[in-house]
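Printed here is query.pdb (PDB, C-alpha atoms):
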```pdb
ATOM      1  CA  MET I 147     -15.714  14.723   7.920  1.00  0.00           C
ATOM      2  CA  GLU I 148     -14.079  14.168  11.313  1.00  0.00           C
ATOM      3  CA  TYR I 149     -15.077  10.496  11.208  1.00  0.00           C
ATOM      4  CA  VAL I 150     -13.436  10.125   7.793  1.00  0.00           C
ATOM      5  CA  LYS I 151     -10.232  11.742   9.066  1.00  0.00           C
ATOM      6  CA  LYS I 152     -10.174   9.398  12.069  1.00  0.00           C
ATOM      7  CA  CYS I 153     -10.614   6.353   9.808  1.00  0.00           C
ATOM      8  CA  ASN I 154      -7.806   7.630   7.585  1.00  0.00           C
ATOM      9  CA  ASP I 155      -5.539   8.125  10.613  1.00  0.00           C
ATOM     10  CA  ILE I 156      -6.266   4.614  11.921  1.00  0.00           C
ATOM     11  CA  LEU I 157      -5.506   3.076   8.530  1.00  0.00           C
ATOM     12  CA  LYS I 158      -2.273   5.073   8.292  1.00  0.00           C
ATOM     13  CA  LYS I 159      -1.183   3.861  11.739  1.00  0.00           C
ATOM     14  CA  ILE I 160      -1.855   0.244  10.762  1.00  0.00           C
ATOM     15  CA  GLU I 161      -0.012   0.649   7.448  1.00  0.00           C
ATOM     16  CA  LEU I 162       2.927   2.275   9.206  1.00  0.00           C
ATOM     17  CA  ALA I 163       3.055  -0.363  11.960  1.00  0.00           C
ATOM     18  CA  VAL I 164       2.880  -3.322   9.568  1.00  0.00           C
ATOM     19  CA  GLY I 165       5.408  -1.741   7.204  1.00  0.00           C
ATOM     20  CA  THR I 166       7.808  -0.980  10.050  1.00  0.00           C
ATOM     21  CA  ALA I 167       7.449  -4.485  11.456  1.00  0.00           C
ATOM     22  CA  GLY I 168       8.130  -5.872   7.997  1.00  0.00           C
ATOM     23  CA  LEU I 169      11.338  -3.854   7.705  1.00  0.00           C
ATOM     24  CA  PHE I 170      12.486  -5.117  11.100  1.00  0.00           C
ATOM     25  CA  VAL I 171      11.781  -8.722  10.080  1.00  0.00           C
ATOM     26  CA  ILE I 172      13.753  -8.254   6.860  1.00  0.00           C
ATOM     27  CA  PHE I 173      16.650  -6.667   8.763  1.00  0.00           C
ATOM     28  CA  PHE I 174      16.575  -9.467  11.348  1.00  0.00           C
ATOM     29  CA  LEU I 175      16.510 -12.260   8.761  1.00  0.00           C
ATOM     30  CA  ILE I 176      19.324 -10.727   6.726  1.00  0.00           C
ATOM     31  CA  THR I 177      21.468 -10.209   9.837  1.00  0.00           C
ATOM     32  CA  VAL I 178      20.873 -13.715  11.193  1.00  0.00           C
ATOM     33  CA  ASN I 179      21.483 -15.252   7.782  1.00  0.00           C
ATOM     34  CA  ILE I 180      24.803 -13.388   7.431  1.00  0.00           C
ATOM     35  CA  ILE I 181      25.899 -14.627  10.848  1.00  0.00           C
ATOM     36  CA  ARG I 182      24.788 -18.186  10.065  1.00  0.00           C
ATOM     37  CA  ARG I 183      26.530 -18.164   6.687  1.00  0.00           C
ATOM     38  CA  TYR I 184      29.895 -16.783   7.815  1.00  0.00           C
ATOM     39  CA  PHE I 185      30.222 -18.331  11.254  1.00  0.00           C
ATOM     40  CA  PHE I 186      28.278 -21.591  10.990  1.00  0.00           C
ATOM     41  CA  HIS I 187      28.387 -22.183   7.205  1.00  0.00           C
ATOM     42  CA  ASN I 188      24.669 -22.904   7.290  1.00  0.00           C
ATOM     43  CA  ALA I 189      22.292 -20.214   5.983  1.00  0.00           C
ATOM     44  CA  TRP I 190      18.528 -20.399   5.777  1.00  0.00           C
ATOM     45  CA  GLY I 191      17.630 -21.002   2.154  1.00  0.00           C
ATOM     46  CA  TRP I 192      14.077 -19.780   2.603  1.00  0.00           C
ATOM     47  CA  SER I 193      14.905 -16.357   4.082  1.00  0.00           C
ATOM     48  CA  GLY I 194      15.541 -14.710   0.709  1.00  0.00           C
ATOM     49  CA  GLU I 195      12.131 -15.794  -0.514  1.00  0.00           C
ATOM     50  CA  LEU I 196      10.430 -14.518   2.646  1.00  0.00           C
ATOM     51  CA  ASN I 197      12.319 -11.212   2.456  1.00  0.00           C
ATOM     52  CA  GLY I 198      11.095 -10.727  -1.102  1.00  0.00           C
ATOM     53  CA  PHE I 199       7.485 -11.354  -0.108  1.00  0.00           C
ATOM     54  CA  ILE I 200       7.696  -9.004   2.870  1.00  0.00           C
ATOM     55  CA  TYR I 201       9.336  -6.350   0.705  1.00  0.00           C
ATOM     56  CA  ALA I 202       6.486  -6.575  -1.821  1.00  0.00           C
ATOM     57  CA  TRP I 203       3.918  -6.150   0.959  1.00  0.00           C
ATOM     58  CA  ILE I 204       5.846  -3.150   2.289  1.00  0.00           C
ATOM     59  CA  ALA I 205       5.860  -1.582  -1.180  1.00  0.00           C
ATOM     60  CA  PHE I 206       2.069  -1.772  -1.476  1.00  0.00           C
ATOM     61  CA  LEU I 207       1.545  -0.576   2.101  1.00  0.00           C
ATOM     62  CA  SER I 208       3.955   2.327   1.538  1.00  0.00           C
ATOM     63  CA  ALA I 209       2.076   3.406  -1.569  1.00  0.00           C
ATOM     64  CA  ALA I 210      -1.205   3.292   0.357  1.00  0.00           C
ATOM     65  CA  TYR I 211       0.366   5.249   3.217  1.00  0.00           C
ATOM     66  CA  ALA I 212       1.577   7.957   0.828  1.00  0.00           C
ATOM     67  CA  LEU I 213      -1.837   8.068  -0.822  1.00  0.00           C
ATOM     68  CA  ALA I 214      -3.498   8.558   2.577  1.00  0.00           C
ATOM     69  CA  ASP I 215      -1.766  11.937   2.910  1.00  0.00           C
ATOM     70  CA  ASP I 216      -2.007  12.667  -0.819  1.00  0.00           C
ATOM     71  CA  ASN I 217       1.793  12.673  -0.976  1.00  0.00           C
ATOM     72  CA  HIS I 218       2.312  11.004  -4.337  1.00  0.00           C
ATOM     73  CA  VAL I 219       4.022  12.943  -7.119  1.00  0.00           C
ATOM     74  CA  LYS I 220       1.665  15.501  -8.646  1.00  0.00           C
ATOM     75  CA  ILE I 221       1.644  17.857 -11.588  1.00  0.00           C
ATOM     76  CA  THR I 222       0.445  21.173 -10.177  1.00  0.00           C
ATOM     77  CA  ILE I 223      -0.021  23.170 -13.372  1.00  0.00           C
ATOM     78  CA  LEU I 224      -3.818  23.032 -13.023  1.00  0.00           C
ATOM     79  CA  ARG I 225      -3.696  24.307  -9.460  1.00  0.00           C
ATOM     80  CA  ASP I 226      -1.272  27.069 -10.442  1.00  0.00           C
ATOM     81  CA  ARG I 227      -3.189  28.175 -13.546  1.00  0.00           C
ATOM     82  CA  LEU I 228      -6.838  27.502 -12.735  1.00  0.00           C
ATOM     83  CA  GLY I 229      -7.038  27.846  -8.974  1.00  0.00           C
ATOM     84  CA  GLU I 230      -8.056  25.619  -6.105  1.00  0.00           C
ATOM     85  CA  ARG I 231     -11.662  25.039  -7.100  1.00  0.00           C
ATOM     86  CA  ALA I 232     -10.816  23.778 -10.603  1.00  0.00           C
ATOM     87  CA  TYR I 233      -7.998  21.703  -9.153  1.00  0.00           C
ATOM     88  CA  HIS I 234     -10.341  19.968  -6.712  1.00  0.00           C
ATOM     89  CA  LEU I 235     -12.870  19.372  -9.471  1.00  0.00           C
ATOM     90  CA  VAL I 236     -10.258  17.749 -11.713  1.00  0.00           C
ATOM     91  CA  ARG I 237      -8.897  15.722  -8.783  1.00  0.00           C
ATOM     92  CA  LEU I 238     -12.427  14.610  -7.919  1.00  0.00           C
ATOM     93  CA  VAL I 239     -12.864  13.196 -11.413  1.00  0.00           C
ATOM     94  CA  THR I 240      -9.420  11.576 -11.573  1.00  0.00           C
ATOM     95  CA  ASP I 241      -9.770  10.083  -8.097  1.00  0.00           C
ATOM     96  CA  LEU I 242     -13.167   8.622  -9.009  1.00  0.00           C
ATOM     97  CA  VAL I 243     -11.607   7.111 -12.144  1.00  0.00           C
ATOM     98  CA  SER I 244      -8.841   5.680  -9.939  1.00  0.00           C
ATOM     99  CA  VAL I 245     -11.421   4.122  -7.603  1.00  0.00           C
ATOM    100  CA  ALA I 246     -13.182   2.531 -10.566  1.00  0.00           C
ATOM    101  CA  GLY I 247      -9.881   1.277 -11.972  1.00  0.00           C
ATOM    102  CA  PHE I 248      -8.745  -0.332  -8.726  1.00  0.00           C
ATOM    103  CA  VAL I 249     -12.178  -1.887  -8.138  1.00  0.00           C
ATOM    104  CA  TRP I 250     -11.972  -3.325 -11.638  1.00  0.00           C
ATOM    105  CA  LEU I 251      -8.433  -4.666 -10.960  1.00  0.00           C
ATOM    106  CA  CYS I 252      -9.564  -6.458  -7.794  1.00  0.00           C
ATOM    107  CA  PHE I 253     -11.584  -9.052  -9.698  1.00  0.00           C
ATOM    108  CA  PRO I 254      -8.871 -10.509 -11.975  1.00  0.00           C
ATOM    109  CA  THR I 255      -6.363 -10.231  -9.126  1.00  0.00           C
ATOM    110  CA  TYR I 256      -8.596 -12.281  -6.846  1.00  0.00           C
ATOM    111  CA  GLY I 257      -9.084 -14.861  -9.612  1.00  0.00           C
ATOM    112  CA  ALA I 258      -5.339 -15.129 -10.156  1.00  0.00           C
ATOM    113  CA  LEU I 259      -4.680 -15.516  -6.421  1.00  0.00           C
ATOM    114  CA  LYS I 260      -7.092 -18.447  -6.217  1.00  0.00           C
ATOM    115  CA  SER I 261      -5.304 -20.311  -8.999  1.00  0.00           C
ATOM    116  CA  MET I 262      -1.772 -20.101  -7.558  1.00  0.00           C
ATOM    117  CA  LYS I 263       0.004 -23.110  -6.063  1.00  0.00           C
ATOM    118  CA  TYR I 264       2.862 -22.991  -3.522  1.00  0.00           C
ATOM    119  CA  THR I 265       6.069 -21.016  -3.107  1.00  0.00           C
ATOM    120  CA  ALA I 266       9.357 -22.724  -3.957  1.00  0.00           C
ATOM    121  CA  ALA I 267      11.278 -22.618  -0.682  1.00  0.00           C
ATOM    122  CA  LEU I 268       8.670 -22.031   2.023  1.00  0.00           C
ATOM    123  CA  ARG I 269       5.921 -24.108   0.403  1.00  0.00           C
ATOM    124  CA  TRP I 270       3.364 -21.490   1.459  1.00  0.00           C
ATOM    125  CA  PRO I 271       0.257 -20.892  -0.647  1.00  0.00           C
ATOM    126  CA  LYS I 272       1.196 -18.262  -3.229  1.00  0.00           C
ATOM    127  CA  GLY I 273      -2.305 -16.822  -3.059  1.00  0.00           C
ATOM    128  CA  LEU I 274      -1.708 -15.896   0.571  1.00  0.00           C
ATOM    129  CA  VAL I 275       1.753 -14.508  -0.077  1.00  0.00           C
ATOM    130  CA  TYR I 276       0.728 -12.447  -3.100  1.00  0.00           C
ATOM    131  CA  SER I 277      -2.518 -11.239  -1.535  1.00  0.00           C
ATOM    132  CA  GLY I 278      -0.582  -8.087  -0.601  1.00  0.00           C
ATOM    133  CA  LEU I 279      -1.468  -6.897  -4.090  1.00  0.00           C
ATOM    134  CA  LEU I 280      -5.185  -7.256  -3.391  1.00  0.00           C
ATOM    135  CA  VAL I 281      -4.806  -5.727   0.086  1.00  0.00           C
ATOM    136  CA  GLY I 282      -2.973  -2.811  -1.518  1.00  0.00           C
ATOM    137  CA  PHE I 283      -5.755  -2.312  -4.067  1.00  0.00           C
ATOM    138  CA  VAL I 284      -8.401  -2.283  -1.332  1.00  0.00           C
ATOM    139  CA  LEU I 285      -6.376   0.222   0.693  1.00  0.00           C
ATOM    140  CA  TYR I 286      -5.951   2.410  -2.402  1.00  0.00           C
ATOM    141  CA  ILE I 287      -9.708   2.310  -2.965  1.00  0.00           C
ATOM    142  CA  ILE I 288     -10.391   3.324   0.638  1.00  0.00           C
ATOM    143  CA  HIS I 289      -7.855   6.158   0.532  1.00  0.00           C
ATOM    144  CA  PHE I 290      -9.113   7.393  -2.846  1.00  0.00           C
ATOM    145  CA  VAL I 291     -12.678   7.431  -1.501  1.00  0.00           C
ATOM    146  CA  ILE I 292     -11.445   9.474   1.470  1.00  0.00           C
ATOM    147  CA  LEU I 293      -9.743  11.885  -0.946  1.00  0.00           C
ATOM    148  CA  VAL I 294     -12.958  12.095  -2.991  1.00  0.00           C
ATOM    149  CA  ILE I 295     -14.872  13.011   0.159  1.00  0.00           C
ATOM    150  CA  GLY I 296     -12.304  15.739   0.838  1.00  0.00           C
ATOM    151  CA  HIS I 297     -12.644  17.139  -2.694  1.00  0.00           C
ATOM    152  CA  VAL I 298     -16.440  17.142  -2.446  1.00  0.00           C
ATOM    153  CA  ASP I 299     -16.183  18.846   0.944  1.00  0.00           C
ATOM    154  CA  TYR I 300     -13.912  21.513  -0.552  1.00  0.00           C
ATOM    155  CA  LEU I 301     -16.214  22.071  -3.518  1.00  0.00           C
ATOM    156  CA  ARG I 302     -19.256  22.386  -1.230  1.00  0.00           C
ATOM    157  CA  HIS I 303     -17.763  24.453   1.579  1.00  0.00           C
ATOM    158  CA  GLY I 304     -14.576  25.985   0.175  1.00  0.00           C
ATOM    159  CA  LYS I 305     -12.304  24.268   2.704  1.00  0.00           C
ATOM    160  CA  THR I 306     -10.726  20.859   3.260  1.00  0.00           C
TER     161      THR I 306
END
```
Kindly present the structure from the file in C-alpha cells form.
Amino acid sequence: MEYVKKCNDILKKIELAVGTAGLFVIFFLITVNIIRRYFFHNAWGWSGELNGFIYAWIAFLSAAYALADDNHVKITILRDRLGERAYHLVRLVTDLVSVAGFVWLCFPTYGALKSMKYTAALRWPKGLVYSGLLVGFVLYIIHFVILVIGHVDYLRHGKT
C-alpha cells in the first residue's frame, strides 16, 4: 500500500506542477497581450486560443488532482446510515464502474483525436491540443484504481 501512496503522491505533484505552470502561462500571456494592445496597438491574435487550450488542460488536471485525494463532492448518507464498511463496499463498486466507464471513453476519444485537423490561429494539430481530454481520462483511471485499492485494503484490514 505504501508503494501505491507514493505513486499517488508523485502523480499529484506532477498534476499540481503542470497546472500551476499553465496558470502562470495564461497570466503571462494575458498580461503581455494587454500591454501590447494598449501601448503598442498590436496584440497577439493567437494568445486567446492558446489560453483556452491551456485552461482546458488545467481543468482536466485539476479534476484528476481532486480525485487523487478523493476530494470531489460526495453524498455521505450511506456512510452516515450504514457505516464505514458498507460505505467502502459501495464506493468500491462505484469506483470500479467509473474505471470501466473511463476506459470505455478512451477508445472513441482516441479515434476522434486522430481525425482532427489544425487549430485556427496557431495551426497546431488539434489532436495534440485536445489530447488533454485523453490524458485526463487516463489520470482518472489511475486515481480510481488507487482508490479501489484503498477500499479493498479497508475491507480486508479495517483501515485505510
Next item on the list: Could you state which residues are captured by the PyMOL selection byres ((chain I and resi 245) around 8) in this file, as a VMD selection string?
Entry: chain I and resid 241 to 244 246 to 249 286 to 287 290 to 291
How about saving the chosen residues, C-alpha atoms kept, as an mmCIF file, keeping the file's coordinate frame?
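out.cif, freshly written:
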```cif
data_model
loop_
_atom_site.group_PDB
_atom_site.id
_atom_site.type_symbol
_atom_site.label_atom_id
_atom_site.label_comp_id
_atom_site.auth_asym_id
_atom_site.auth_seq_id
_atom_site.Cartn_x
_atom_site.Cartn_y
_atom_site.Cartn_z
ATOM 1 C CA ASP I 241 -9.770 10.083 -8.097
ATOM 2 C CA LEU I 242 -13.167 8.622 -9.009
ATOM 3 C CA VAL I 243 -11.607 7.111 -12.144
ATOM 4 C CA SER I 244 -8.841 5.680 -9.939
ATOM 5 C CA ALA I 246 -13.182 2.531 -10.566
ATOM 6 C CA GLY I 247 -9.881 1.277 -11.972
ATOM 7 C CA PHE I 248 -8.745 -0.332 -8.726
ATOM 8 C CA VAL I 249 -12.178 -1.887 -8.138
ATOM 9 C CA TYR I 286 -5.951 2.410 -2.402
ATOM 10 C CA ILE I 287 -9.708 2.310 -2.965
ATOM 11 C CA PHE I 290 -9.113 7.393 -2.846
ATOM 12 C CA VAL I 291 -12.678 7.431 -1.501
#
```
Check: I:Arg231, I:Thr265, I:Asn217, I:Leu251: which is nearest Arg302 (chain I), counting all atoms listed in the file?
Finding: I:Arg231
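For the pair CA of Val294 (chain I) and CA of Lys151 (chain I), the separation is 12.4 Å.
One finds CA of His218 (chain I) at 19.4 Å from CA of Ala232 (chain I).
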Check: Can you list, as a PyMOL selection string, the residues that the PyMOL selection byres ((chain I and resi 272) around 12) selects here?
Finding: chain I and resi 195-196+199+258-271+273-279
Next item on the list: Please identify all polymer residues within 7 Å of Tyr233 (chain I), counting only C-alpha atoms, omitting same-chain residues fewer than 5 positions from it, and present them as a ChimeraX atom specification.
Entry: /I:224-225,228
Notebook entry, point to check: Near Ile292 (chain I), counting all atoms listed in the file, which residues have an atom at most 9 Å away, once you skip same-chain residues fewer than 5 positions from it, shown as a PyMOL selection string?
Noted result: chain I and resi 150-151+153-154+214+287+297
Keeping only C-alpha atoms, take the residues you just selected and write them out as a short mmCIF file (atom, residue, chain, number, x, y, z; two decimals), in the coordinates of the input.
```
data_model
loop_
_atom_site.label_atom_id
_atom_site.label_comp_id
_atom_site.auth_asym_id
_atom_site.auth_seq_id
_atom_site.Cartn_x
_atom_site.Cartn_y
_atom_site.Cartn_z
CA VAL I 150 -13.44 10.12 7.79
CA LYS I 151 -10.23 11.74 9.07
CA CYS I 153 -10.61 6.35 9.81
CA ASN I 154 -7.81 7.63 7.58
CA ALA I 214 -3.50 8.56 2.58
CA ILE I 287 -9.71 2.31 -2.96
CA HIS I 297 -12.64 17.14 -2.69
#
```
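Between CA of Lys220 (chain I) and CA of Lys152 (chain I) the interatomic distance comes to 24.6 Å.
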